[in-house]
Amino acid sequence: MKTDLITFHLIIYIVLTVVIALLAYRLYAVTQHNRQLMAIVRHQRHTIKTDHSMTLSGPAGDAATRPQGDTASRPSASATNPAQLDDEQLFIELDRLVDEQKLFLRPDVSRDDLARLIGVEKNRFGHIMAHHSGASNATVYINTKRVVYAASLIVEHPEYTIASIAADCGIKNTVTFNRVFKDVFGITPSAYRQAHT
């Protein structure tokens, strides 16, 4: 009887130890993820401030003052010969162009648009996204950029409504925006605003 009780306590101890270790690991992973997201937000804030000053002081033909649709229709420098670049380089170029042209703000941007931007066919593009973007597909990649941008707007413009920020970021449906935001940041946009005001 006494050995059964000791065995039972030992099993409970082991199970609790494993559960605590798993929770500690999850907390560590979430903390690391949040640090990465905050670094992205800081980068986006800097980009927004830089782009805003370029728009105010740049020449009329500057990329910052061109209509959004105009920049996406032209191929990038790397798109002229994507065979010379490896997938990682192509993703870096794509990421630069998406940020530079703020393509993630267009509600109609598609996987095909992004593939054309770097001059690759759909299958290679899918491989590039899966292995280099940190996202499972182009939609998740673009939506992550949208909500990271939205997070900077939430902090910098508390007077904006969540619905207007969602629309400005290319997500017309507020329910979808809230879901995507929570997937990325772990909290709703309203809770994020409360935590950062």
# chains A, B, ... in the order shown; residues from 1 in each chain; ligands from 1
$ residues_around --residues "Asn178 of chain A" --least-positions-apart "3" --cutoff "12 Å" --atoms "only C-alpha atoms" --output "mmCIF file with N, CA and C atoms, in the first residue's frame"
data_model
loop_
_atom_site.group_PDB
_atom_site.id
_atom_site.type_symbol
_atom_site.label_atom_id
_atom_site.label_comp_id
_atom_site.auth_asym_id
_atom_site.auth_seq_id
_atom_site.Cartn_x
_atom_site.Cartn_y
_atom_site.Cartn_z
ATOM 1 N N ASN A 143 -0.792 39.315 -44.787
ATOM 2 C CA ASN A 143 -1.612 39.692 -43.628
ATOM 3 C C ASN A 143 -0.758 40.018 -42.407
ATOM 4 N N ARG A 146 0.420 43.428 -42.883
ATOM 5 C CA ARG A 146 -0.696 44.357 -42.677
ATOM 6 C C ARG A 146 -0.918 44.641 -41.193
ATOM 7 N N VAL A 147 -0.947 43.597 -40.382
ATOM 8 C CA VAL A 147 -1.242 43.834 -38.963
ATOM 9 C C VAL A 147 -0.052 44.418 -38.212
ATOM 10 N N ALA A 150 -0.525 47.868 -38.970
ATOM 11 C CA ALA A 150 -1.681 48.315 -38.180
ATOM 12 C C ALA A 150 -1.282 48.570 -36.735
ATOM 13 N N ALA A 151 -0.427 47.723 -36.184
ATOM 14 C CA ALA A 151 0.017 47.902 -34.795
ATOM 15 C C ALA A 151 0.715 49.239 -34.626
ATOM 16 N N ILE A 162 -10.484 51.220 -34.942
ATOM 17 C CA ILE A 162 -9.924 49.930 -35.376
ATOM 18 C C ILE A 162 -10.414 49.608 -36.791
ATOM 19 N N ALA A 163 -11.671 49.905 -37.085
ATOM 20 C CA ALA A 163 -12.223 49.631 -38.416
ATOM 21 C C ALA A 163 -11.504 50.438 -39.493
ATOM 22 N N ILE A 165 -8.432 51.627 -39.323
ATOM 23 C CA ILE A 165 -7.075 51.089 -39.437
ATOM 24 C C ILE A 165 -7.089 49.798 -40.258
ATOM 25 N N ALA A 166 -8.068 48.942 -40.003
ATOM 26 C CA ALA A 166 -8.193 47.690 -40.765
ATOM 27 C C ALA A 166 -8.323 48.000 -42.253
ATOM 28 N N ALA A 167 -9.196 48.941 -42.592
ATOM 29 C CA ALA A 167 -9.401 49.302 -44.000
ATOM 30 C C ALA A 167 -8.131 49.907 -44.595
ATOM 31 N N ILE A 171 -7.426 45.278 -45.160
ATOM 32 C CA ILE A 171 -8.368 44.247 -44.715
ATOM 33 C C ILE A 171 -9.699 44.929 -44.463
ATOM 34 N N LYS A 172 -10.655 44.693 -45.348
ATOM 35 C CA LYS A 172 -11.925 45.408 -45.279
ATOM 36 C C LYS A 172 -12.835 44.899 -44.169
ATOM 37 N N ASN A 173 -12.740 43.628 -43.839
ATOM 38 C CA ASN A 173 -13.621 43.019 -42.849
ATOM 39 C C ASN A 173 -12.979 43.112 -41.463
ATOM 40 N N THR A 174 -13.646 43.789 -40.535
ATOM 41 C CA THR A 174 -13.093 43.987 -39.187
ATOM 42 C C THR A 174 -12.945 42.671 -38.435
ATOM 43 N N VAL A 175 -13.862 41.747 -38.642
ATOM 44 C CA VAL A 175 -13.771 40.446 -37.966
ATOM 45 C C VAL A 175 -12.507 39.713 -38.428
ATOM 46 N N PHE A 181 -4.992 39.795 -36.549
ATOM 47 C CA PHE A 181 -4.197 40.531 -35.559
ATOM 48 C C PHE A 181 -3.927 39.650 -34.344
ATOM 49 N N LYS A 182 -4.966 38.957 -33.887
ATOM 50 C CA LYS A 182 -4.804 38.092 -32.709
ATOM 51 C C LYS A 182 -3.891 36.913 -33.021
ATOM 52 N N ASP A 183 -3.965 36.388 -34.236
ATOM 53 C CA ASP A 183 -3.061 35.296 -34.633
ATOM 54 C C ASP A 183 -1.602 35.736 -34.558
ATOM 55 N N VAL A 184 -1.329 36.974 -34.943
ATOM 56 C CA VAL A 184 0.049 37.460 -34.974
ATOM 57 C C VAL A 184 0.517 37.924 -33.601
ATOM 58 N N PHE A 185 -0.307 38.725 -32.903
ATOM 59 C CA PHE A 185 0.122 39.348 -31.651
ATOM 60 C C PHE A 185 -0.380 38.642 -30.394
ATOM 61 N N GLY A 186 -1.327 37.741 -30.551
ATOM 62 C CA GLY A 186 -1.835 37.020 -29.388
ATOM 63 C C GLY A 186 -2.898 37.767 -28.608
ATOM 64 N N ILE A 187 -3.211 38.989 -29.033
ATOM 65 C CA ILE A 187 -4.271 39.790 -28.402
ATOM 66 C C ILE A 187 -5.025 40.543 -29.489
ATOM 67 N N THR A 188 -6.201 41.043 -29.143
ATOM 68 C CA THR A 188 -6.998 41.789 -30.107
ATOM 69 C C THR A 188 -6.406 43.180 -30.320
ATOM 70 N N PRO A 189 -6.775 43.841 -31.404
ATOM 71 C CA PRO A 189 -6.290 45.213 -31.622
ATOM 72 C C PRO A 189 -6.681 46.174 -30.483
ATOM 73 N N SER A 190 -7.880 46.011 -29.946
ATOM 74 C CA SER A 190 -8.312 46.879 -28.827
ATOM 75 C C SER A 190 -7.451 46.655 -27.600
ATOM 76 N N ALA A 191 -7.152 45.397 -27.297
ATOM 77 C CA ALA A 191 -6.284 45.094 -26.145
ATOM 78 C C ALA A 191 -4.878 45.607 -26.392
ATOM 79 N N TYR A 192 -4.402 45.519 -27.637
ATOM 80 C CA TYR A 192 -3.084 46.040 -27.989
ATOM 81 C C TYR A 192 -3.049 47.555 -27.766
#
$ residues_around --residues "segment 101-107 of chain A" --least-positions-apart "2" --cutoff "7 Å" --atoms "only C-alpha atoms" --output "PyMOL selection string"
chain A and resi 71+97-99+109+142+145-146+168-171
$ select_by_dssp --residues "segment 105-177 of chain A" --states "alpha helix (DSSP H)" --output "ChimeraX atom specification"
/A:111-118,122-132,138-156,162-168,174-177
$ residues_around --residues "Met129 of chain A" --least-positions-apart "2" --cutoff "12 Å" --atoms "only C-alpha atoms" --output "PyMOL selection string"
chain A and resi 87-92+94-95+111+114-115+120+122-127+131-142
$ atom_distance --atom1 "atom CA of His196 of chain A" --atom2 "atom CA of Ile154 of chain A"
8.5 Å
$ atom_distance --atom1 "atom CA of Arg193 of chain A" --atom2 "atom CA of Pro158 of chain A"
7.5 Å
